[in-house]
Amino acid sequence: MLCFLKGMAFVPFLLVTWSSAAFIISYVVAVLSGHVNPFLPYISDTGTTPPESGIFGFMINFSAFLGAATMYTRYKIVEKQNQTSYFSTPVFNLVSLVLGLVGCIGMGIVANFQELAVPVVHDGGALLAFVCGVVYTLLQSVISYKSCPQWNSLFTCHIRMAISAVSCAAVVPMIACASLISITKLEWNPKEKDYIYHVVSAICEWTVAFGFIFYFLTFIQDFQQLSRKGRAVPWKPPAMATDCLSVTLQWTLAACNTGIYLGD
């Protein structure tokens, strides 16, 4: 647990744990209340009816804020890394940030405009959140490769690109199948004509959502190298590290000798 408290690692760690809890708690409450079928409801279905709607709205709003904070911090880290050793045009990093923030706005729309009450606005927010989120992860994966090996390990780059590819592959059928559903409802019968579209779309939606969560989990290593005073050090592979605490210790020792300042 200590490794998640080093540097600024608590920011993406809190985002990951809070967002996971938001999805799981809303799902459990909705199922126990009998408001949705346990098998593959849409994420939004689990936050449509009280009391889970209040839980869902509050927690997703805070997730959107944490997401924006994480993306902005990541932007500043990449900006300073790029100034230290140029590896990519700054516009690439800026476009990634803007798309990420638009995705966070989409999350806020999803949280505040419920599926059955204002379906057009809700669906528009969901589209922004998922599409912009997927493009954000793709751009960040490309940036990671460009900054490798000084600022990222090749393994981390591969993991990020794999998650991005899966999310990108899932978002297309998610949107396509959702657009083929003729009615918005919470409970589905397997015999209904649109049921298969619902199932495919729901599977893809959960895949993309948890893809985002796992992607932000990979930011923890980068944020560990950033102290709360604004210092970051290049990534260095630990020689004999066997656990998270020993890895963090080596980064901390490295930070005593070298670093770049993220402030003015």
# chains A, B, ... in the order shown; residues from 1 in each chain; ligands from 1
$ residues_around --residues "Cys168 (chain A)" --least-positions-apart "3" --cutoff "12 Å" --atoms "only C-alpha atoms" --output "ChimeraX atom specification"
/A:130-139,161-165,171-175,204-205,207-209,211-212
$ residues_around --residues "region 32-40 of chain A" --least-positions-apart "3" --cutoff "9 Å" --atoms "only C-alpha atoms" --output "MDAnalysis selection string"
chainID A and resid 27:29 43 45:46 48:49 51:52 186:188 198:199 202:203 206
$ closest_atom_pairs --of "region 32-135 of chain A" --to "region 14-26 of chain A" --cutoff "7 Å" --atoms "only C-alpha atoms" --output "Markdown table"
| residue | atom | partner | partner_atom | distance |
| --- | --- | --- | --- | --- |
| A:Thr46 | CA | A:Ser26 | CA | 5.5 |
| A:Gly47 | CA | A:Ser26 | CA | 6.2 |
| A:Glu52 | CA | A:Ser26 | CA | 5.4 |
| A:Ile55 | CA | A:Ser26 | CA | 6.5 |
| A:Phe56 | CA | A:Ser26 | CA | 5.8 |
| A:Met59 | CA | A:Ala22 | CA | 5.5 |
| A:Ile60 | CA | A:Ala22 | CA | 6.6 |
| A:Ser63 | CA | A:Ser19 | CA | 5.7 |
| A:Leu66 | CA | A:Leu15 | CA | 5.5 |
| A:Gly67 | CA | A:Leu15 | CA | 6.5 |
$ select_by_dssp --residues "region 24-124 of chain A" --states "alpha helix (DSSP H)" --output "ChimeraX atom specification"
/A:24-32,52-84,90-112,119-124
$ closest_atom_pairs --of "region 134-160 of chain A" --to "region 74-83 of chain A" --cutoff "9 Å" --atoms "only C-alpha atoms" --output "JSON lines"
{"residue": "A:Ile143", "atom": "CA", "partner": "A:Val78", "partner_atom": "CA", "distance": 8.4}
{"residue": "A:Ser147", "atom": "CA", "partner": "A:Asn82", "partner_atom": "CA", "distance": 8.1}
{"residue": "A:Trp151", "atom": "CA", "partner": "A:Gln81", "partner_atom": "CA", "distance": 7.6}
$ atom_distance --atom1 "CA of His158 (chain A)" --atom2 "CA of Val142 (chain A)"
10.2 Å
$ closest_residue --among "A:Gly108, A:Leu101, A:Gln150, A:Val91" --to "Asp222 (chain A)" --atoms "only C-alpha atoms"
A:Gln150
$ closest_residue --among "A:Thr84, A:Thr156, A:Ser179, A:Asn93" --to "Ile220 (chain A)" --atoms "only C-alpha atoms"
A:Thr156
$ atom_distance --atom1 "CA of Ser153 (chain A)" --atom2 "CA of Ala64 (chain A)"
28.0 Å
$ closest_residue --among "A:Ala176, A:Met107, A:Ala69, A:Ala170" --to "Val121 (chain A)" --atoms "only C-alpha atoms"
A:Met107
$ atom_distance --atom1 "CA of Asn61 (chain A)" --atom2 "CA of Lys6 (chain A)"
25.7 Å
$ decode --residues "region 186-232 of chain A" --atoms "N, CA and C atoms" --output "mmCIF file, in the first residue's frame"
data_model
loop_
_atom_site.group_PDB
_atom_site.id
_atom_site.type_symbol
_atom_site.label_atom_id
_atom_site.label_comp_id
_atom_site.auth_asym_id
_atom_site.auth_seq_id
_atom_site.Cartn_x
_atom_site.Cartn_y
_atom_site.Cartn_z
ATOM 1 N N LEU A 186 -34.835 -0.798 -18.791
ATOM 2 C CA LEU A 186 -33.924 -1.341 -17.795
ATOM 3 C C LEU A 186 -33.942 -2.860 -17.743
ATOM 4 N N GLU A 187 -35.086 -3.467 -17.973
ATOM 5 C CA GLU A 187 -35.206 -4.918 -17.879
ATOM 6 C C GLU A 187 -35.420 -5.514 -19.260
ATOM 7 N N TRP A 188 -34.654 -6.578 -19.554
ATOM 8 C CA TRP A 188 -34.690 -7.189 -20.877
ATOM 9 C C TRP A 188 -35.084 -8.649 -20.798
ATOM 10 N N ASN A 189 -35.799 -9.086 -21.809
ATOM 11 C CA ASN A 189 -36.171 -10.495 -21.960
ATOM 12 C C ASN A 189 -35.341 -11.082 -23.106
ATOM 13 N N PRO A 190 -34.702 -12.216 -22.889
ATOM 14 C CA PRO A 190 -33.883 -12.818 -23.953
ATOM 15 C C PRO A 190 -34.631 -13.065 -25.257
ATOM 16 N N LYS A 191 -35.954 -13.108 -25.216
ATOM 17 C CA LYS A 191 -36.732 -13.380 -26.421
ATOM 18 C C LYS A 191 -36.989 -12.119 -27.253
ATOM 19 N N GLU A 192 -36.683 -10.953 -26.681
ATOM 20 C CA GLU A 192 -36.926 -9.705 -27.409
ATOM 21 C C GLU A 192 -35.940 -9.559 -28.555
ATOM 22 N N LYS A 193 -36.369 -8.895 -29.630
ATOM 23 C CA LYS A 193 -35.569 -8.833 -30.851
ATOM 24 C C LYS A 193 -34.272 -8.044 -30.678
ATOM 25 N N ASP A 194 -34.284 -7.050 -29.813
ATOM 26 C CA ASP A 194 -33.085 -6.229 -29.633
ATOM 27 C C ASP A 194 -32.175 -6.725 -28.517
ATOM 28 N N TYR A 195 -32.523 -7.880 -27.938
ATOM 29 C CA TYR A 195 -31.776 -8.348 -26.768
ATOM 30 C C TYR A 195 -30.306 -8.608 -27.095
ATOM 31 N N ILE A 196 -30.031 -9.201 -28.239
ATOM 32 C CA ILE A 196 -28.650 -9.523 -28.596
ATOM 33 C C ILE A 196 -27.826 -8.255 -28.766
ATOM 34 N N TYR A 197 -28.458 -7.197 -29.311
ATOM 35 C CA TYR A 197 -27.763 -5.922 -29.445
ATOM 36 C C TYR A 197 -27.432 -5.344 -28.072
ATOM 37 N N HIS A 198 -28.383 -5.481 -27.157
ATOM 38 C CA HIS A 198 -28.164 -5.001 -25.790
ATOM 39 C C HIS A 198 -26.996 -5.725 -25.131
ATOM 40 N N VAL A 199 -26.958 -7.044 -25.262
ATOM 41 C CA VAL A 199 -25.909 -7.843 -24.625
ATOM 42 C C VAL A 199 -24.530 -7.469 -25.169
ATOM 43 N N VAL A 200 -24.410 -7.414 -26.488
ATOM 44 C CA VAL A 200 -23.120 -7.075 -27.105
ATOM 45 C C VAL A 200 -22.682 -5.675 -26.700
ATOM 46 N N SER A 201 -23.616 -4.729 -26.744
ATOM 47 C CA SER A 201 -23.296 -3.351 -26.387
ATOM 48 C C SER A 201 -22.895 -3.225 -24.922
ATOM 49 N N ALA A 202 -23.606 -3.949 -24.046
ATOM 50 C CA ALA A 202 -23.296 -3.887 -22.613
ATOM 51 C C ALA A 202 -21.929 -4.493 -22.317
ATOM 52 N N ILE A 203 -21.620 -5.629 -22.949
ATOM 53 C CA ILE A 203 -20.297 -6.247 -22.760
ATOM 54 C C ILE A 203 -19.197 -5.275 -23.163
ATOM 55 N N CYS A 204 -19.366 -4.647 -24.304
ATOM 56 C CA CYS A 204 -18.366 -3.698 -24.796
ATOM 57 C C CYS A 204 -18.262 -2.480 -23.883
ATOM 58 N N GLU A 205 -19.401 -2.022 -23.365
ATOM 59 C CA GLU A 205 -19.391 -0.847 -22.487
ATOM 60 C C GLU A 205 -18.603 -1.119 -21.212
ATOM 61 N N TRP A 206 -18.843 -2.255 -20.570
ATOM 62 C CA TRP A 206 -18.107 -2.614 -19.362
ATOM 63 C C TRP A 206 -16.627 -2.820 -19.665
ATOM 64 N N THR A 207 -16.333 -3.376 -20.849
ATOM 65 C CA THR A 207 -14.941 -3.587 -21.251
ATOM 66 C C THR A 207 -14.199 -2.265 -21.379
ATOM 67 N N VAL A 208 -14.822 -1.302 -22.056
ATOM 68 C CA VAL A 208 -14.183 0.003 -22.238
ATOM 69 C C VAL A 208 -14.035 0.724 -20.896
ATOM 70 N N ALA A 209 -15.062 0.667 -20.064
ATOM 71 C CA ALA A 209 -15.028 1.357 -18.770
ATOM 72 C C ALA A 209 -13.889 0.847 -17.896
ATOM 73 N N PHE A 210 -13.771 -0.476 -17.779
ATOM 74 C CA PHE A 210 -12.692 -1.017 -16.952
ATOM 75 C C PHE A 210 -11.357 -0.944 -17.679
ATOM 76 N N GLY A 211 -11.385 -0.812 -19.006
ATOM 77 C CA GLY A 211 -10.157 -0.543 -19.739
ATOM 78 C C GLY A 211 -9.566 0.791 -19.315
ATOM 79 N N PHE A 212 -10.431 1.807 -19.168
ATOM 80 C CA PHE A 212 -9.971 3.109 -18.687
ATOM 81 C C PHE A 212 -9.352 2.978 -17.291
ATOM 82 N N ILE A 213 -10.011 2.209 -16.438
ATOM 83 C CA ILE A 213 -9.529 2.054 -15.066
ATOM 84 C C ILE A 213 -8.150 1.418 -15.046
ATOM 85 N N PHE A 214 -7.979 0.337 -15.797
ATOM 86 C CA PHE A 214 -6.681 -0.334 -15.833
ATOM 87 C C PHE A 214 -5.624 0.560 -16.491
ATOM 88 N N TYR A 215 -6.037 1.380 -17.441
ATOM 89 C CA TYR A 215 -5.079 2.267 -18.095
ATOM 90 C C TYR A 215 -4.527 3.280 -17.099
ATOM 91 N N PHE A 216 -5.408 3.911 -16.331
ATOM 92 C CA PHE A 216 -4.947 4.891 -15.356
ATOM 93 C C PHE A 216 -4.111 4.242 -14.258
ATOM 94 N N LEU A 217 -4.308 2.962 -14.051
ATOM 95 C CA LEU A 217 -3.481 2.234 -13.084
ATOM 96 C C LEU A 217 -2.018 2.253 -13.508
ATOM 97 N N THR A 218 -1.763 2.272 -14.815
ATOM 98 C CA THR A 218 -0.377 2.294 -15.306
ATOM 99 C C THR A 218 0.292 3.643 -15.074
ATOM 100 N N PHE A 219 -0.473 4.680 -14.738
ATOM 101 C CA PHE A 219 0.103 5.997 -14.466
ATOM 102 C C PHE A 219 0.758 6.056 -13.089
ATOM 103 N N ILE A 220 0.448 5.104 -12.228
ATOM 104 C CA ILE A 220 0.943 5.160 -10.856
ATOM 105 C C ILE A 220 2.468 5.212 -10.823
ATOM 106 N N GLN A 221 3.131 4.409 -11.647
ATOM 107 C CA GLN A 221 4.591 4.400 -11.679
ATOM 108 C C GLN A 221 5.148 5.760 -12.059
ATOM 109 N N ASP A 222 4.533 6.421 -13.062
ATOM 110 C CA ASP A 222 4.988 7.753 -13.478
ATOM 111 C C ASP A 222 4.786 8.784 -12.364
ATOM 112 N N PHE A 223 3.645 8.693 -11.687
ATOM 113 C CA PHE A 223 3.333 9.678 -10.651
ATOM 114 C C PHE A 223 4.170 9.459 -9.392
ATOM 115 N N GLN A 224 4.683 8.245 -9.192
ATOM 116 C CA GLN A 224 5.565 7.996 -8.060
ATOM 117 C C GLN A 224 6.867 8.781 -8.196
ATOM 118 N N GLN A 225 7.267 9.019 -9.430
ATOM 119 C CA GLN A 225 8.527 9.725 -9.684
ATOM 120 C C GLN A 225 8.371 11.229 -9.536
ATOM 121 N N LEU A 226 7.151 11.692 -9.315
ATOM 122 C CA LEU A 226 6.866 13.121 -9.155
ATOM 123 C C LEU A 226 6.589 13.408 -7.692
ATOM 124 N N SER A 227 7.441 14.203 -7.064
ATOM 125 C CA SER A 227 7.233 14.540 -5.664
ATOM 126 C C SER A 227 6.190 15.638 -5.547
ATOM 127 N N ARG A 228 5.672 15.836 -4.352
ATOM 128 C CA ARG A 228 4.670 16.877 -4.143
ATOM 129 C C ARG A 228 5.280 18.269 -4.220
ATOM 130 N N LYS A 229 6.622 18.339 -4.284
ATOM 131 C CA LYS A 229 7.300 19.613 -4.495
ATOM 132 C C LYS A 229 7.545 19.874 -5.968
ATOM 133 N N GLY A 230 7.138 18.907 -6.823
ATOM 134 C CA GLY A 230 7.226 19.139 -8.258
ATOM 135 C C GLY A 230 8.454 18.591 -8.937
ATOM 136 N N ARG A 231 9.100 17.561 -8.387
ATOM 137 C CA ARG A 231 10.289 17.012 -9.016
ATOM 138 C C ARG A 231 9.980 15.654 -9.638
ATOM 139 N N ALA A 232 10.608 15.402 -10.787
ATOM 140 C CA ALA A 232 10.460 14.116 -11.457
ATOM 141 C C ALA A 232 11.821 13.652 -11.927
#
